[in-house]
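Listing of entry_37.txt; format and content: compact mmCIF, C-alpha atoms.
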# COMPACT_ATOMS: atom_id res chain seq x y z
CA SER A 4 0.00 0.00 0.00
CA ILE A 5 2.94 2.33 0.71
CA GLY A 6 4.27 1.79 -2.79
CA THR A 7 1.09 3.07 -4.40
CA ASN A 8 1.64 6.58 -2.99
CA SER A 9 4.85 8.33 -4.07
CA GLU A 10 4.98 10.64 -1.04
CA ALA A 11 4.38 7.80 1.42
CA TYR A 12 7.01 5.68 -0.34
CA LEU A 13 9.51 8.55 -0.20
CA ARG A 14 8.88 9.04 3.53
CA GLU A 15 9.33 5.33 4.29
CA MET A 16 12.61 5.24 2.36
CA LEU A 17 13.76 8.29 4.31
CA HIS A 18 12.94 6.56 7.58
CA LEU A 19 14.94 3.49 6.54
CA ARG A 20 17.88 5.54 5.23
CA ALA A 21 18.22 7.38 8.56
CA LEU A 22 18.80 4.08 10.39
CA LYS A 23 22.33 3.04 11.25
CA ASN A 24 23.65 0.55 8.64
CA PRO A 25 20.28 -0.03 6.89
CA TYR A 26 19.75 -3.09 4.71
CA GLY A 27 19.87 -2.56 0.96
CA ILE A 28 21.62 0.79 1.22
CA HIS A 29 22.56 0.93 -2.47
CA SER A 30 19.01 0.12 -3.59
CA LEU A 31 17.69 2.72 -1.16
CA ASP A 32 20.02 5.37 -2.56
CA ASP A 33 19.10 4.46 -6.13
CA ASP A 34 15.38 4.77 -5.44
CA LEU A 35 15.81 7.99 -3.47
CA THR A 36 17.68 9.43 -6.43
CA ILE A 37 14.92 8.39 -8.85
CA TYR A 38 12.13 9.82 -6.71
CA SER A 39 14.00 13.00 -5.86
CA LEU A 40 14.74 13.70 -9.51
CA LYS A 41 11.09 13.22 -10.40
CA TYR A 42 10.17 16.13 -8.15
CA VAL A 43 13.21 18.30 -8.89
CA ARG A 44 12.83 18.04 -12.67
CA VAL A 45 9.27 19.33 -12.33
CA LEU A 46 10.48 22.21 -10.14
CA ASN A 47 13.19 22.99 -12.70
CA ASP A 48 10.71 22.97 -15.59
CA LEU A 49 8.46 25.46 -13.72
CA HIS A 50 11.26 27.99 -13.25
CA ASN A 51 9.25 30.72 -15.02
CA GLU A 52 6.18 30.24 -12.81
CA LYS A 53 5.40 32.03 -9.55
CA ASP A 54 6.69 30.27 -6.45
CA ASP A 55 3.25 29.26 -5.16
CA ILE A 56 2.67 27.38 -8.43
CA ARG A 57 6.22 26.16 -8.89
CA PHE A 58 6.63 24.65 -5.40
CA ALA A 59 3.04 23.44 -4.96
CA SER A 60 4.11 19.79 -5.28
CA VAL A 61 6.33 20.04 -2.17
CA LYS A 62 4.08 22.32 -0.12
CA ASN A 63 3.39 19.59 2.45
CA PHE A 64 6.88 18.13 2.49
CA THR A 65 8.82 18.04 5.75
CA ALA A 66 12.27 19.56 6.19
CA GLU A 67 13.74 16.05 5.94
CA GLU A 68 12.01 15.42 2.63
CA MET A 69 13.16 18.72 1.14
CA TYR A 70 16.71 17.99 2.26
CA THR A 71 16.48 14.63 0.49
CA LEU A 72 15.34 16.22 -2.75
CA ILE A 73 18.37 18.52 -2.58
CA VAL A 74 21.14 16.00 -1.86
CA TYR A 75 19.85 13.33 -4.24
CA SER A 76 19.42 15.70 -7.20
CA GLU A 77 22.85 17.31 -7.14
CA GLU A 78 23.47 16.64 -10.83
CA GLU A 79 20.38 18.47 -12.08
CA ILE A 80 19.04 20.91 -9.51
CA PHE A 81 18.78 24.54 -10.69
CA THR A 82 20.07 27.35 -8.48
CA SER A 83 16.54 28.74 -8.10
CA THR A 84 15.20 25.26 -7.27
CA PHE A 85 17.87 24.81 -4.61
CA ASN A 86 17.18 28.24 -3.14
CA GLY A 87 13.44 27.60 -3.05
CA LEU A 88 13.79 24.20 -1.37
CA PHE A 89 16.44 25.49 1.03
CA SER A 90 14.34 28.44 2.23
CA ARG A 91 11.29 26.21 2.73
CA MET A 92 13.40 23.60 4.51
CA MET A 93 14.72 26.22 6.94
CA ILE A 94 11.19 27.45 7.67
CA LYS A 95 10.04 23.88 8.36
CA LEU A 96 13.03 23.36 10.67
CA GLY A 97 11.69 25.98 13.05
CA ALA A 98 13.57 25.92 16.34
CA VAL A 99 15.49 22.72 15.50
CA SER A 100 19.18 23.40 14.93
CA GLY A 101 20.79 22.31 11.68
CA PHE A 102 23.21 20.12 13.64
CA GLU A 103 20.41 18.18 15.34
CA PHE A 104 18.55 18.00 12.04
CA LEU A 105 21.48 16.28 10.30
CA ASN A 106 21.82 13.88 13.25
CA GLN A 107 18.15 12.92 12.88
CA LEU A 108 18.88 12.06 9.24
CA GLY A 109 21.79 9.87 10.27
CA ASP A 110 24.14 12.45 8.68
CA ASN A 111 23.09 10.99 5.33
CA ARG A 112 25.00 12.84 2.59
CA PHE A 113 25.74 15.71 4.95
CA ARG A 114 29.04 16.46 3.16
CA THR A 115 27.16 16.71 -0.13
CA PHE A 116 24.73 19.14 1.50
CA ILE A 117 27.49 21.30 2.98
CA LYS A 118 29.30 21.40 -0.36
CA MET A 119 26.08 22.35 -2.18
CA ALA A 120 25.13 24.94 0.45
CA ALA A 121 28.58 26.51 0.14
CA GLY A 122 28.37 26.48 -3.66
CA PHE A 123 24.96 28.14 -3.69
CA GLY A 124 25.91 30.67 -1.01
CA LYS A 125 23.68 29.22 1.72
CA LEU A 126 26.18 27.68 4.12
CA LYS A 127 26.26 30.71 6.43
CA PRO A 128 22.47 30.86 7.03
CA PHE A 129 22.41 27.11 7.64
CA LEU A 130 25.22 27.37 10.22
CA GLN A 131 23.43 30.29 11.87
CA SER A 132 20.64 27.88 12.82
CA MET A 133 22.96 26.31 15.42
CA THR A 134 25.21 27.40 18.27
CA SER A 135 28.84 28.30 17.64
CA LEU A 136 29.89 25.06 19.36
CA TYR A 137 27.71 23.00 17.01
CA GLN A 138 29.05 24.98 14.04
CA GLN A 139 32.58 24.02 15.04
CA MET A 140 31.61 20.39 15.66
CA LEU A 141 29.89 20.12 12.28
CA MET A 142 32.80 21.56 10.30
CA ILE A 143 35.28 19.33 12.16
CA LYS A 144 33.08 16.33 11.36
CA PHE A 145 32.86 17.51 7.74
CA VAL A 146 36.62 17.25 7.23
CA SER A 147 37.46 14.38 9.61
CA GLY A 148 37.53 10.63 9.04
CA LEU A 149 37.89 10.78 5.27
CA GLU A 150 40.32 7.85 5.23
CA GLN A 151 37.74 5.32 6.42
CA TYR A 152 35.84 5.19 3.10
CA ASN A 153 36.64 2.71 0.35
CA ASP A 154 36.51 5.38 -2.34
CA LEU A 155 37.41 9.07 -2.47
CA SER A 156 33.85 10.37 -2.67
CA GLN A 157 33.84 12.04 0.74
CA ALA A 158 37.31 13.57 0.36
CA VAL A 159 36.26 14.95 -3.02
CA GLU A 160 33.17 16.55 -1.45
CA VAL A 161 35.50 18.41 0.93
CA ALA A 162 37.86 19.43 -1.88
CA ASP A 163 34.97 20.71 -4.01
CA ALA A 164 33.47 22.64 -1.10
CA PHE A 165 36.73 24.45 -0.45
CA ALA A 166 36.40 26.42 -3.69
CA SER A 167 33.19 28.05 -2.39
CA ILE A 168 34.06 28.72 1.26
CA ASN A 169 35.27 32.23 2.06
CA ASP A 170 34.27 32.63 5.70
CA SER A 171 37.48 33.17 7.72
CA LEU A 172 36.17 31.35 10.82
CA ILE A 173 35.12 28.28 8.84
CA LEU A 174 38.45 28.25 7.00
CA LYS A 175 40.28 28.44 10.32
CA ILE A 176 38.38 25.38 11.60
CA LEU A 177 39.05 23.47 8.37
CA ARG A 178 42.74 24.36 8.43
CA GLY A 179 43.14 23.29 12.04
CA THR A 180 41.34 19.98 11.47
CA ILE A 181 43.31 19.15 8.31
CA ARG A 182 46.57 19.87 10.11
CA TYR A 183 45.52 17.76 13.12
CA GLU A 184 44.48 14.82 10.94
CA TYR A 185 47.67 14.99 8.88
CA VAL A 186 49.87 14.91 11.99
CA ARG A 187 47.77 12.09 13.48
CA PHE A 188 48.11 9.89 10.41
CA SER A 189 51.80 10.69 10.09
CA THR A 190 52.28 9.41 13.63
CA LEU A 191 50.30 6.27 12.78
CA GLN A 192 52.28 5.91 9.51
CA ASN A 193 48.97 5.62 7.67
CA PHE A 194 49.87 6.31 4.03
CA LYS A 195 46.27 6.73 2.83
CA GLY A 196 45.41 9.16 5.61
CA THR A 197 48.54 11.28 5.22
CA THR A 198 48.04 11.38 1.44
CA ILE A 199 44.42 12.58 1.70
CA TYR A 200 45.18 15.28 4.25
CA GLY A 201 48.50 16.19 2.68
CA LEU A 202 46.72 16.89 -0.61
CA LEU A 203 43.91 18.79 1.12
CA SER A 204 46.49 20.95 2.89
CA ASN A 205 47.78 21.92 -0.54
CA LEU A 206 44.47 23.66 -1.24
CA PHE A 207 45.14 26.06 1.64
CA VAL A 208 48.57 27.32 0.62
CA GLU A 209 47.48 30.40 -1.31
CA ARG A 210 44.54 31.33 0.91
CA ASN A 211 45.98 30.44 4.31
CA VAL A 212 46.45 33.25 6.77
CA SER A 213 48.17 31.54 9.68
CA SER A 214 50.65 28.66 9.72
CA ALA A 215 51.70 29.53 6.17
CA ASN A 216 55.09 27.85 6.51
CA TRP A 217 53.59 24.58 7.73
CA PHE A 218 51.07 24.31 4.88
CA ALA A 219 53.69 25.32 2.32
CA SER A 220 56.15 22.69 3.55
CA VAL A 221 53.52 19.93 3.50
CA SER A 222 52.25 20.96 0.07
CA GLU A 223 55.74 20.48 -1.38
CA GLN A 224 55.48 16.78 -0.53
CA TYR A 225 52.00 16.43 -2.04
CA SER A 226 52.05 18.20 -5.37
CA ILE A 227 48.83 19.14 -7.13
CA PRO A 228 48.99 18.73 -10.94
CA ASN A 229 48.90 21.88 -13.03
CA ILE A 230 46.05 21.44 -15.51
CA GLY A 231 45.56 25.07 -16.41
CA ARG A 232 46.63 24.57 -20.01
CA VAL A 233 46.69 21.94 -22.78
CA PRO A 234 49.65 22.40 -25.16
CA ASN A 235 48.58 22.83 -28.78
CA ALA A 236 50.87 19.99 -29.90
CA LYS A 237 48.98 17.47 -27.71
CA LEU A 238 45.73 18.24 -29.52
CA PHE A 239 46.73 16.77 -32.89
CA ASP A 240 47.05 13.19 -34.15
CA LYS A 241 49.76 11.71 -36.38
CA ASN A 242 47.99 13.21 -39.41
CA LYS A 243 48.23 16.65 -37.82
CA VAL A 244 44.46 16.88 -37.39
CA CYS A 245 42.62 17.81 -34.19
CA ARG A 246 39.43 15.76 -34.17
CA TRP A 247 36.38 16.52 -32.06
CA LEU A 248 33.43 14.23 -31.40
CA ILE A 249 30.20 15.87 -30.21
CA TYR A 250 27.18 13.85 -29.10
CA PHE A 251 23.75 15.48 -29.31
CA TYR A 252 20.67 13.73 -27.91
CA ASP A 253 17.06 13.75 -29.00
CA ASP A 254 15.63 15.61 -26.00
CA GLU A 255 13.52 18.76 -25.85
CA ASP A 256 16.56 21.04 -26.10
CA GLY A 257 18.51 19.06 -28.69
CA THR A 258 17.19 20.63 -31.89
CA ALA A 259 17.54 24.22 -30.68
CA SER A 260 21.02 23.55 -29.27
CA PHE A 261 22.17 21.96 -32.52
CA ALA A 262 20.86 24.83 -34.66
CA SER A 263 22.61 27.36 -32.43
CA PHE A 264 25.81 25.29 -32.54
CA ILE A 265 25.84 25.25 -36.36
CA LYS A 266 25.21 28.99 -36.50
CA THR A 267 28.21 29.56 -34.23
CA PHE A 268 30.55 28.07 -36.85
CA THR A 269 28.99 29.80 -39.84
CA ASP A 270 31.83 32.15 -40.78
CA LYS A 271 34.74 32.49 -43.22
CA ASN A 272 37.14 30.35 -41.16
CA TRP A 273 34.97 27.21 -41.19
CA ILE A 274 33.17 25.02 -43.70
CA ILE A 275 30.20 22.81 -42.75
CA ALA A 276 29.52 19.56 -44.63
CA ASP A 277 26.09 18.00 -44.05
CA SER A 278 26.07 14.18 -44.31
CA GLY A 279 22.44 13.62 -43.39
CA ALA A 280 22.71 12.05 -39.95
CA TYR A 281 25.72 14.10 -38.92
CA VAL A 282 27.81 17.12 -39.86
CA LEU A 283 31.55 17.63 -40.24
CA ILE A 284 32.86 21.13 -39.55
CA LYS A 285 36.37 21.80 -40.91
CA SER A 286 38.71 24.73 -40.48
CA LYS A 287 39.45 26.47 -43.80
CA VAL A 288 42.59 28.30 -42.67
CA GLY A 289 45.18 27.71 -39.97
CA LYS A 290 45.67 24.30 -38.40
CA GLN A 291 43.37 21.43 -39.31
CA VAL A 292 40.45 21.06 -36.91
CA TYR A 293 37.69 18.55 -37.75
CA ILE A 294 34.53 18.70 -35.64
CA TYR A 295 32.13 15.75 -36.02
CA ALA A 296 28.62 16.06 -34.55
CA ASN A 297 25.51 13.91 -34.94
CA LYS A 298 22.16 15.59 -35.44
CA PRO A 299 19.83 15.28 -32.41
CA LYS A 300 17.07 13.65 -34.50
CA HIS A 301 19.68 11.08 -35.49
CA GLU A 302 20.84 10.22 -31.99
CA TYR A 303 21.33 6.53 -32.74
CA ASP A 304 22.21 6.21 -36.43
CA GLY A 305 24.22 9.46 -36.42
CA GLN A 306 26.35 8.43 -33.46
CA GLU A 307 26.81 4.93 -34.91
CA LYS A 308 28.06 6.36 -38.20
CA LEU A 309 30.50 8.68 -36.45
CA GLU A 310 31.81 5.89 -34.25
CA ALA A 311 32.30 3.71 -37.35
CA ILE A 312 34.35 6.48 -38.97
CA PHE A 313 36.58 6.79 -35.92
CA SER A 314 36.88 3.02 -35.45
CA ASN A 315 37.59 2.17 -39.09
CA ASN A 316 40.29 4.83 -39.36
CA ASP A 317 41.81 4.40 -35.89
CA TYR A 318 40.88 7.97 -35.02
CA VAL A 319 40.74 9.12 -31.40
CA PRO A 320 38.78 12.27 -30.50
CA GLU A 321 41.17 14.76 -28.92
CA ILE A 322 38.08 16.58 -27.63
CA LEU A 323 34.84 14.83 -26.63
CA VAL A 324 31.70 16.84 -25.93
CA HIS A 325 28.46 15.78 -24.23
CA ARG A 326 25.46 17.89 -25.30
CA GLY A 327 22.48 16.53 -23.39
CA HIS A 328 20.90 16.04 -19.99
CA SER A 329 22.87 14.38 -17.21
CA TYR A 330 20.92 11.11 -17.49
CA TYR A 331 22.55 10.66 -20.91
CA ALA A 332 26.05 11.48 -19.62
CA TYR A 333 27.08 7.87 -18.96
CA LYS A 334 26.54 7.06 -22.65
CA THR A 335 29.06 9.70 -23.66
CA ILE A 336 31.49 8.82 -20.87
CA GLU A 337 31.59 5.24 -22.14
CA LYS A 338 33.05 6.53 -25.43
CA LEU A 339 36.09 8.08 -23.73
CA ASN A 340 39.56 7.07 -24.83
CA GLU A 341 42.63 7.49 -22.61
CA GLU A 342 44.23 9.64 -25.33
CA THR A 343 41.35 12.14 -25.31
CA GLN A 344 42.65 15.45 -23.96
CA VAL A 345 39.46 17.36 -23.06
CA PHE A 346 35.97 16.28 -22.05
CA ILE A 347 33.16 18.84 -22.02
CA LEU A 348 30.41 17.58 -19.73
CA GLY A 349 27.36 19.79 -20.25
CA SER A 350 25.86 18.81 -16.92
CA CYS A 351 27.36 18.24 -13.51
CA GLY A 352 28.50 14.64 -13.13
CA GLY A 353 29.29 14.86 -9.44
CA TYR A 354 31.98 12.63 -7.97
CA HIS A 355 30.83 9.44 -9.67
CA SER A 356 30.97 10.90 -13.17
CA ILE A 357 34.37 12.48 -12.53
CA SER A 358 35.67 9.18 -11.20
CA MET A 359 34.33 7.28 -14.23
CA ILE A 360 35.92 9.81 -16.57
CA LEU A 361 39.33 9.69 -14.89
CA GLU A 362 39.33 5.88 -14.85
CA ARG A 363 39.17 5.96 -18.65
CA ALA A 364 41.43 8.98 -19.20
CA PRO A 365 43.58 9.80 -16.14
CA ASP A 366 45.14 12.97 -17.60
CA ILE A 367 42.06 14.45 -19.21
CA GLY A 368 40.85 18.02 -18.61
CA ILE A 369 37.19 18.19 -17.57
CA VAL A 370 34.78 21.08 -18.04
CA SER A 371 31.55 20.54 -16.09
CA SER A 372 28.59 22.52 -14.82
CA LYS A 373 26.70 22.56 -11.54
CA GLN A 374 23.56 22.67 -13.63
CA ILE A 375 22.35 21.45 -17.00
CA GLY A 376 24.49 23.08 -19.65
CA THR A 377 23.10 25.85 -21.82
CA MET A 378 23.84 26.51 -25.47
CA PHE A 379 24.38 30.19 -24.64
CA VAL A 380 27.53 29.17 -22.76
CA ASN A 381 28.47 25.94 -24.54
CA ASN A 382 28.62 27.39 -28.04
CA PRO A 383 30.76 30.48 -27.27
CA MET A 384 33.07 28.26 -25.21
CA LEU A 385 33.45 25.66 -27.97
CA LYS A 386 34.09 28.39 -30.55
CA LEU A 387 36.82 29.99 -28.41
CA MET A 388 38.45 26.59 -27.97
CA ALA A 389 38.23 25.78 -31.68
CA GLU A 390 39.69 29.15 -32.68
CA SER A 391 42.58 28.81 -30.23
CA ILE A 392 43.46 25.38 -31.61
CA ARG A 393 43.04 26.50 -35.25
CA GLN A 394 45.39 29.43 -34.61
CA GLY A 395 48.03 27.12 -33.11
CA LYS A 396 47.54 28.34 -29.54
CA ASP A 397 47.45 26.28 -26.35
CA LEU A 398 44.13 25.80 -24.59
CA ASN A 399 44.70 28.25 -21.76
CA TRP A 400 41.68 27.74 -19.50
CA GLN A 401 42.19 30.90 -17.46
CA LYS A 402 42.35 33.00 -20.64
CA ILE A 403 39.31 31.29 -22.15
CA TRP A 404 37.36 31.79 -18.93
CA ASN A 405 38.32 35.46 -18.73
CA GLU A 406 37.13 36.02 -22.29
CA LEU A 407 33.83 34.23 -21.63
CA ASP A 408 33.35 36.24 -18.46
CA VAL A 409 33.60 39.49 -20.41
CA SER A 410 31.52 38.46 -23.45
CA LEU A 411 28.67 36.79 -21.53
CA LYS A 412 28.04 39.69 -19.17
CA ASN A 413 25.93 41.26 -21.93
CA ASN A 414 23.48 38.37 -21.50
CA PRO A 415 22.46 38.23 -17.79
CA LYS A 416 20.69 34.86 -18.04
CA ALA A 417 23.62 33.24 -19.86
CA TYR A 418 26.09 34.82 -17.45
CA GLU A 419 24.20 33.43 -14.46
CA ARG A 420 24.53 29.94 -15.94
CA PHE A 421 28.17 30.55 -16.86
CA LEU A 422 28.99 31.09 -13.18
CA ASP A 423 27.96 27.46 -12.59
CA TYR A 424 30.52 26.12 -15.08
CA ILE A 425 33.73 24.67 -13.68
CA PRO A 426 36.84 24.77 -15.90
CA PRO A 427 39.62 22.16 -15.48
CA HIS A 428 41.88 24.45 -13.43
CA LYS A 429 39.04 25.07 -10.95
CA ASN A 430 37.74 21.51 -10.76
CA LEU A 431 39.21 20.71 -7.36
CA GLY A 432 37.51 17.32 -7.16
CA ALA A 433 39.12 16.13 -10.39
CA ILE A 434 42.47 17.64 -9.42
CA PHE A 435 42.32 15.89 -6.06
CA ILE A 436 41.55 12.49 -7.62
CA LYS A 437 44.39 12.84 -10.13
CA ALA A 438 46.90 13.84 -7.47
CA TYR A 439 45.77 11.07 -5.09
CA SER A 440 46.03 8.39 -7.80
CA LYS A 441 49.59 9.44 -8.63
CA MET A 442 50.60 9.49 -4.96
CA MET A 443 49.16 6.02 -4.37
CA GLU A 444 51.16 4.68 -7.33
CA GLN A 445 54.31 5.71 -5.48
CA GLU A 446 53.44 3.78 -2.31
I'd like the structure from this file rewritten - as structure tokens, please.
Amino acid sequence: SIGTNSEAYLREMLHLRALKNPYGIHSLDDDLTIYSLKYVRVLNDLHNEKDDIRFASVKNFTAEEMYTLIVYSEEEIFTSTFNGLFSRMMIKLGAVSGFEFLNQLGDNRFRTFIKMAAGFGKLKPFLQSMTSLYQQMLMIKFVSGLEQYNDLSQAVEVADAFASINDSLILKILRGTIRYEYVRFSTLQNFKGTTIYGLLSNLFVERNVSSANWFASVSEQYSIPNIGRVPNAKLFDKNKVCRWLIYFYDDEDGTASFASFIKTFTDKNWIIADSGAYVLIKSKVGKQVYIYANKPKHEYDGQEKLEAIFSNNDYVPEILVHRGHSYYAYKTIEKLNEETQVFILGSCGGYHSISMILERAPDIGIVSSKQIGTMFVNNPMLKLMAESIRQGKDLNWQKIWNELDVSLKNNPKAYERFLDYIPPHKNLGAIFIKAYSKMMEQE
């Protein structure tokens, strides 16, 4: 009977998930993700409606249920959807402190929530719901015990959150805890623990106020890879061609995105050849850049034809681009080759997508978004990249991002989405995973 009512089913799963060591935890998480996304996608689609209409479906939800929608929809939740759910969650909390609230939920995905709250600028109001002692306890818990997990998911949550935290008091707590944990694991000669906290300490070198010498000395032992640039020479195959492979999908945005994409390359420097199910865009002057893209209405046969071309000729895409919703992302990720240099992920893949990407291509540069990608950012970005490569320049991510920052400010809606994009040199989660993998190889 519970399963016939989606709200009742969601509440029962929440009750089970809050238990210590619940049975079927992976199945629970999978179903919570499915049900959360059902609600969040509706809230996203209603972004132009008034709040009383947009959030009507969650009007009777508890604070726990709204929290669940947030942390299980990380890959797709819009900023406005997060803000709306967060404000309603805080109202429903009432006099209950955020610290006690997380305890009642069994601290389920609390690091994900803190990272998201920091990213959306809501960490401070959440912490203000609790005493200063609880604030300190929560942030210590946030950064402690990362070595006990089988994977790096929790350490990556901390690394990603760091990019969005500017509060000096919170940073002081994080610094102190990271230093304490590093010293503790050094004493225990725990290689995994010292590696995790040694790499995290590296993130504090530039922004640290106190103990600068200590963090600097530790960071020298745990180097973070520099992925701010891709040399032009690495972007070409033995035939001196830079090949791109772009996957479009037959969703509601696909046709419009594809049309806008084609228009972006309609100028004197490029020629577009239409082959029915796909197009091939070639540079007319400068270095040879070939951009292959299937048409969205030809999701299956177009992609199959492109893959046959690459397979039959032993081509490897130097740049792979995913143009579709996040639930299609795994299909594109499966096409990755370890020689691919750049992967443009139009929607946020979270830790699991980043991990899957790096397993296939350890040295790849990843561009991702906290939200579903928009053509008003994707197309200008792809054009800047293509022009840099055609002109024989390196892909300098800081330079590209600075240029996008200036050009997109004329379009407020596009600029708002652009702020949710994460370039390779700012993707702390990916940087952390790369650095950790290399350190573990040296053990």
message = Applying 7 Å and only C-alpha atoms, which residues near A:His325 remain after dropping the ones on its own chain fewer than 2 positions away? List them as a count of residues only.
response = 10
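Compared by their closest atoms to A:Glu342, and using all atoms listed in the file, the residues A:Ala433, A:Val319, A:Leu22, A:Ile230 rank with A:Val319 nearest.
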key: Closest of A:Asp277, A:Lys175, A:Thr180, A:Ala162 to A:Leu202 - atom-to-atom distances counting all atoms listed in the file   =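 Counting all atoms listed in the file, the residue closest to A:Leu202 is A:Ala162.
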Selected residue of minimal separation from A:Ser440 among A:Asn399, A:Gln157, A:Asn111, A:Ser358, counting all atoms listed in the file = A:Ser358
inquiry  = Using all atoms listed in the file and a cutoff of 10 Å, can you tell me which residues are near (30.9, 26.1, -29.2) in the file's coordinates, and write them out as a count of residues only?
reply    = 20
Straight-line distance linking atom CA of A:Gly148 with atom CA of A:Tyr183, stated in Å to one decimal =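 Computing the Euclidean distance for atom CA of A:Gly148 and atom CA of A:Tyr183 yields 11.5 Å.
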